[in-house]
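Novice: Got a structure for you, questions after.
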Amino acid sequence: MSDRMNGAESLIRTLVAGGVDVCFTNPGTSEMHLVAALDKVAQMRCVLGLFEGVVTGAADGYARMAGKPACTLLHLGPGLANGVANLHNASRAQVPIVNIIGQHPAYHLKYDAPLTSDIEAIARPYSKWLRTAPASARLGRDGADAVVAARTSPGKIVTLIVPADIAWGDGGAVAAVPPVPKPVQPATASVERAASMLRSGLPTALLLNGSALYGAGLMAAGRIAAATGATLLAPYPITRVQRGAGTCPVLRIPYVPEQAIELLQRFRQLIRVGAPAPVSYFAYPGKSSVLTSPECDIYELAKPEESYVGALEALVTALSLQTTEPVVTGKAERTLPSGGEITLPGLAAVVGALLPENTIVVDEAMTSGRGLMAATVGAPPHDWLGNTGGSIGIALPLSVGAAVAARDRRVLCLTADGSGMYTAQALWTMAREGLNVTTVVFANRAYAVLQREYAGLGVGAPGPRAADLFDIGRPTIDWVHLSKGMGVPASRATSLDAFAKALRNGLESDGPRLIEVPL
């Protein structure tokens with residue numbers, strides 16, 4: 001390596017030295033010197049997406065499974081804007097991402113060229129740390145600061161804007177990445193308050209988020225549940241949860257407000273660990289947005305900047321439960337349903353019967369997939385990832401990132417046809433990278449969740465024009481041909497037997513597969 005390097009190379013080498021060694025990208029002209037630097041630094045794996053929403057969603061999925069940030073490389077303001085919907089989801093997931101965004105040189109901005117925009121304004125709502133690099137010689141240090149900011153608990157989206165002349169300018173230097181600050185431990189008084197609540201005997205739930213839903217955090221929560229009878233809950237917008245036989249059982253709060261209220265009404269105490277208090281996604285005429293009972297005492301044990309695992313382990317110690325065996329889910333008998341026509345319970349039963357151990361399930365089948373979690377409770381241990389921000393089109397990109405982070409694991413992507421069309425380009429990336437992702441598209445030819453939401457507003461049945469806005473079956477989207485056109489082998493299952501055969505084949509094959517299930 002030459003002693004001289006430009007700013008772009010110093011940035012990429014600094015990121016790699018700081019453990020950021022995967023770049024999801026869709027670059028443009030203003031990023032070409034950064035692309036040239038990526039060409040020089042073989043330690044940085046580059047993954048191309050054909051749309052920026054795939055790039056940002058993949059960075060989210062990578063962070064959820066790798067526990068560290070990837071970087072994105074996006075083209076000016078429009079490229080960033082194309083990726084914002086899945087940055088919204090990632091911000092709600094509390095995951096680390098380092099966004100690198102190109103910018104025109106300062107001397108070019110005054111000409112108001114066609115791609116000129118206020119990049120900082122676009123980035124600000126989804127960036128906990130935001131900087132426009134001022135000099136080539138400082139670009140390595142800017143990168144080091146970005147890595148530390150992203151990795152500071154609980155995980156943050158950060159954005160570094162790099163003007164093209166700062167990238168190509170000489171004088172770049174690799175910067176050492178300082179140690180990442182450890183998460184703050186909750187105050188002793190907070191732990192004692194939570195312990196007192198659990199000793200009270202009142203119906204109590206622990207609402208868990210982030211690292212509290214897997215690994216040591218979930219194990220500590222399982223000990224507390226076993227000893228106190230507390231129920232373990234997860235928000236509907238779930239980042240990642242370990243589940244299946246041998247893991248601690250966690251109930252996911254339902255999306256439908258009436259179902260969530262029914263689940264939560266019995267609790268008189270709710271202890272939050274990194275999770276917000278439960279509220280409905282939307283407002284409805286004459287209905288409260290709060291899902292818990294008015295008599296429920298809601299207490300925040302661990303704030304987002306505090307250690308979720310540390311909070312739960314401190315609670316275990318305060319309750320003297322270090323040797324308590326956690327409550328775990330038993331192994332279920334797994335039997336394939338006997339053939340017949342496609343039904344939603346039948347599809348869920350097939351998934352539950354065939355799900356392999358250590359699978360990563362990515363779930364955005366909001367209407368068609370509501371029985372899937374119940375059908376897989378006693379399946380072999382697996383991870384479950386969901387849509388955290390409500391912006392649809394996350395499942396396919398999230399699966400790309402999860403598969404890149406965990407090359408030795410199978411990813412099962414469950415998506416609806418409507419949401420899948422937002423980021424269908426992710427299939428191309430799956431094929432290009434040879435990722436072990438099996439995608440199931442539940443093709444109901446409608447925005448079915450919107451049909452339900454319309455009915456819940458009390459305005460009567462939709463008229464023909466309103467109903468037409470929920471219909472995506474004219475023309476019918478052919479997912480088999482679409483998938484094959486992007487290089488992913490695909491089939492259509494019109495019976496439970498055919499679905500079981502296709503799913504088994506997909507889960508046992510190398511590389512990506514897609515199964516369309518007409519409903």
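Labels used: A, B, ... for chains in the order of the structure tokens, numbers from 1 for residues in each chain, and numbers from 1 for ligands as shown.
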Apply DSSP to the structure's backbone, then extract all residues of segment 77-240 of chain A labelled alpha helix (DSSP H) and return them as an MDAnalysis selection string.
Specialist: chainID A and resid 77:93 106:109 119:123 139:151 164:168 188:199 215:228
Novice: As an mmCIF file with C-alpha atoms, in the first residue's frame, please: the residues near segment 353-367 of chain A (cut-off 7 Å, only C-alpha atoms, same-chain neighbours under 4 positions excluded).
Specialist:
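What ended up in around27.cif:
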data_model
loop_
_atom_site.group_PDB
_atom_site.id
_atom_site.type_symbol
_atom_site.label_atom_id
_atom_site.label_comp_id
_atom_site.auth_asym_id
_atom_site.auth_seq_id
_atom_site.Cartn_x
_atom_site.Cartn_y
_atom_site.Cartn_z
ATOM 1 C CA ARG A 334 -44.423 -31.904 14.085
ATOM 2 C CA THR A 335 -46.818 -33.487 11.630
ATOM 3 C CA LEU A 336 -47.443 -32.375 8.090
ATOM 4 C CA ALA A 349 -48.894 -25.996 9.895
ATOM 5 C CA ALA A 379 -40.365 -25.991 16.279
ATOM 6 C CA PRO A 380 -36.569 -26.315 16.568
ATOM 7 C CA PRO A 381 -34.832 -23.161 17.876
ATOM 8 C CA HIS A 382 -34.846 -20.270 15.415
ATOM 9 C CA ASP A 383 -34.755 -16.471 15.199
ATOM 10 C CA TRP A 384 -37.736 -14.351 14.166
ATOM 11 C CA LEU A 385 -37.335 -10.888 12.630
ATOM 12 C CA GLY A 386 -40.194 -8.472 11.932
ATOM 13 C CA ASN A 387 -41.082 -5.087 10.534
ATOM 14 C CA ALA A 395 -38.901 -8.507 4.286
ATOM 15 C CA SER A 399 -33.503 -11.285 4.362
ATOM 16 C CA ARG A 409 -27.836 -20.324 8.247
ATOM 17 C CA ARG A 410 -30.988 -20.663 6.156
ATOM 18 C CA VAL A 411 -33.295 -17.631 5.899
ATOM 19 C CA LEU A 412 -37.042 -18.119 5.424
ATOM 20 C CA CYS A 413 -38.630 -14.930 4.095
ATOM 21 C CA LEU A 414 -42.410 -14.633 4.517
ATOM 22 C CA THR A 415 -43.907 -11.730 2.589
ATOM 23 C CA ALA A 416 -47.167 -10.604 1.094
ATOM 24 C CA ALA A 448 -55.607 -6.830 2.635
ATOM 25 C CA VAL A 449 -54.464 -4.989 5.757
ATOM 26 C CA ARG A 504 -38.809 -28.639 1.732
#
Novice: If you count only C-alpha atoms, which residues fall within 7 Å of segment 196-213 of chain A, apart from same-chain ones fewer than 4 positions away, as a compact mmCIF listing (two decimals) with N, CA and C atoms, in the first residue's frame?
Specialist:
# COMPACT_ATOMS: atom_id res chain seq x y z
N GLU A 192 -34.32 -2.17 42.12
CA GLU A 192 -35.05 -2.51 43.36
C GLU A 192 -36.54 -2.25 43.19
N GLY A 217 -29.80 -12.05 27.62
CA GLY A 217 -30.92 -11.25 28.07
C GLY A 217 -32.18 -12.07 28.21
N LEU A 218 -32.49 -12.87 27.20
CA LEU A 218 -33.69 -13.70 27.26
C LEU A 218 -33.56 -14.78 28.33
N THR A 228 -41.26 -15.92 39.29
CA THR A 228 -42.26 -14.94 39.72
C THR A 228 -43.61 -15.10 39.04
N ALA A 230 -44.18 -14.00 36.10
CA ALA A 230 -44.35 -12.89 35.16
C ALA A 230 -44.42 -13.42 33.73
N THR A 231 -45.16 -12.75 32.90
CA THR A 231 -45.28 -13.08 31.48
C THR A 231 -44.26 -12.27 30.70
N LEU A 232 -43.58 -12.91 29.74
CA LEU A 232 -42.62 -12.22 28.89
C LEU A 232 -43.34 -11.80 27.61
N LEU A 233 -43.27 -10.51 27.31
CA LEU A 233 -43.91 -9.94 26.14
C LEU A 233 -42.89 -9.29 25.23
N ALA A 234 -43.20 -9.25 23.95
CA ALA A 234 -42.43 -8.50 22.96
C ALA A 234 -43.38 -7.57 22.23
N THR A 239 -37.73 -6.61 16.64
CA THR A 239 -36.44 -6.57 15.95
C THR A 239 -35.88 -7.98 15.74
N ARG A 240 -35.79 -8.73 16.80
CA ARG A 240 -35.28 -10.11 16.74
C ARG A 240 -35.66 -10.81 18.04
N VAL A 241 -36.18 -12.02 17.92
CA VAL A 241 -36.45 -12.82 19.11
C VAL A 241 -36.02 -14.25 18.84
N GLN A 242 -35.38 -14.86 19.83
CA GLN A 242 -35.07 -16.29 19.77
C GLN A 242 -36.28 -17.05 20.29
N ARG A 266 -55.25 -8.00 31.49
CA ARG A 266 -55.14 -8.69 32.78
C ARG A 266 -53.94 -8.24 33.61
N PHE A 267 -53.02 -7.50 33.01
CA PHE A 267 -51.81 -7.12 33.74
C PHE A 267 -52.04 -5.83 34.52
N ARG A 268 -51.61 -5.87 35.77
CA ARG A 268 -51.67 -4.69 36.62
C ARG A 268 -50.31 -4.01 36.75
N GLN A 269 -49.28 -4.68 36.23
CA GLN A 269 -47.94 -4.09 36.25
C GLN A 269 -47.23 -4.46 34.94
N LEU A 270 -46.55 -3.49 34.36
CA LEU A 270 -45.80 -3.72 33.13
C LEU A 270 -44.42 -3.10 33.30
N ILE A 271 -43.39 -3.95 33.24
CA ILE A 271 -42.01 -3.49 33.41
C ILE A 271 -41.35 -3.46 32.04
N ARG A 272 -40.97 -2.28 31.60
CA ARG A 272 -40.42 -2.10 30.26
C ARG A 272 -38.89 -2.20 30.27
N VAL A 273 -38.37 -3.00 29.35
CA VAL A 273 -36.92 -3.14 29.18
C VAL A 273 -36.59 -2.75 27.75
N GLY A 274 -36.31 -1.47 27.54
CA GLY A 274 -35.96 -0.97 26.22
C GLY A 274 -37.11 -0.84 25.26
N ALA A 275 -38.32 -1.07 25.71
CA ALA A 275 -39.49 -1.05 24.83
C ALA A 275 -40.42 0.10 25.22
N TYR A 308 -29.80 -3.52 28.43
CA TYR A 308 -30.98 -4.35 28.66
C TYR A 308 -30.58 -5.65 29.36
N VAL A 309 -29.50 -6.24 28.88
CA VAL A 309 -29.02 -7.48 29.49
C VAL A 309 -28.59 -7.22 30.93
Novice: Do a neighbour search on Met486 of chain A at 8 Å with only C-alpha atoms, toss out local chain neighbours closer than 5 positions, and write the hits as number ranges by chain.
Specialist: A: 425, 427-428, 431
Novice: Pull the closest atom pair for each residue of segment 345-457 of chain A that gets at most 6 Å from segment 57-80 of chain A, along with the distance in Å to one decimal, counting only C-alpha atoms, ordering rows by chain and then ascending residue number, as JSON lines.
Specialist:
{"residue": "A:Ile394", "atom": "CA", "partner": "A:Gly57", "partner_atom": "CA", "distance": 6.0}
{"residue": "A:Pro397", "atom": "CA", "partner": "A:Ala58", "partner_atom": "CA", "distance": 4.6}
{"residue": "A:Leu398", "atom": "CA", "partner": "A:Gly61", "partner_atom": "CA", "distance": 4.3}
{"residue": "A:Val400", "atom": "CA", "partner": "A:Ala58", "partner_atom": "CA", "distance": 5.4}
{"residue": "A:Gly401", "atom": "CA", "partner": "A:Ala58", "partner_atom": "CA", "distance": 3.9}
{"residue": "A:Ala402", "atom": "CA", "partner": "A:Gly61", "partner_atom": "CA", "distance": 4.7}
{"residue": "A:Ala405", "atom": "CA", "partner": "A:Tyr62", "partner_atom": "CA", "distance": 5.2}
Novice: Which residue gives the smallest distance to Arg193 of chain A among A:Val351, A:Arg432, A:Val22, A:Asp297, with only C-alpha atoms counted?
Specialist: A:Asp297
Novice: Name all residues at most 7 Å from Leu130 of chain A (count only C-alpha atoms; drop same-chain ones fewer than 2 positions away) and give them as a ChimeraX atom specification.
Specialist: /A:124,127-128,158-160
Novice: Can you tell me, as a PyMOL selection string, which residues in segment 296-514 of chain A count as strand (DSSP E) by DSSP?
Specialist: chain A and resi 297-302+360-364+382-386+411-416+437-443+490-492+513-514
Novice: Write out as a ChimeraX atom specification the residues lying within 10 Å of Ser91 of chain A, counting only C-alpha atoms and excluding same-chain residues fewer than 6 positions away.
Specialist: /A:60,97,125-128,155-157,388-389
Novice: Leaving out segment 8-20 of chain A and any residue of its chain fewer than 3 positions from it, which residues lie within 6 Å of it when counting only C-alpha atoms, given as a list of chain:residue names?
Specialist: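 Once the nearby chain positions are removed, what remains is A:Leu34, A:Ala37, A:Ala70, A:Leu139, A:Gly140, A:Gly143, A:Ala167, A:Gly172, A:Ala173, A:Val174, A:Ala175, A:Val177.
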Novice: For a quick check of understanding, using only C-alpha atoms, which of A:Asp510, A:Gly371, A:Phe470, A:Ala36 has the smallest distance to Asp408 of chain A?
Specialist: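 Nearest to Asp408 of chain A: A:Asp510.
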Novice: Between A:Gly434, A:Pro181, A:Pro163, A:Gly340, which one has atoms that come closest to Ala149 of chain A, using only C-alpha atoms?
Specialist: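 Of all the options, A:Pro181 lies closest to Ala149 of chain A.
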Novice: Can you work out which one of A:Arg151, A:Arg452, A:Arg513, A:Arg370 has the shortest atom-to-atom distance to Leu435 of chain A, counting only C-alpha atoms?
Specialist: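 So, comparing all the options, the nearest one is A:Arg513.
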Novice: What gap, in Å, lies between atom CA of Lys287 of chain A and atom CA of Gly456 of chain A?
Specialist: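 Between atom CA of Lys287 of chain A and atom CA of Gly456 of chain A the gap is 10.7 Å.
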Novice: Using only C-alpha atoms, which of the listed residues (A:Met32, A:Ala113, A:Leu496, A:Ala443) sits closest to Glu341 of chain A?
Specialist: A:Leu496
Novice: Between A:Gly339, A:Gly352, A:Pro518, A:Pro512, which is the closest to Ala498 of chain A once you count only C-alpha atoms?
Specialist: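 The closest residue to Ala498 of chain A is A:Gly339.
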Novice: So how many Å separate atom CA of Glu120 of chain A and atom CA of Asp170 of chain A, to one decimal?
Specialist: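 Result for atom CA of Glu120 of chain A versus atom CA of Asp170 of chain A: 24.7 Å, one decimal.
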Novice: Just give me the gap between atom CA of Ala227 of chain A and atom CA of Val328 of chain A in Å, one decimal is fine.
Specialist: 12.5 Å
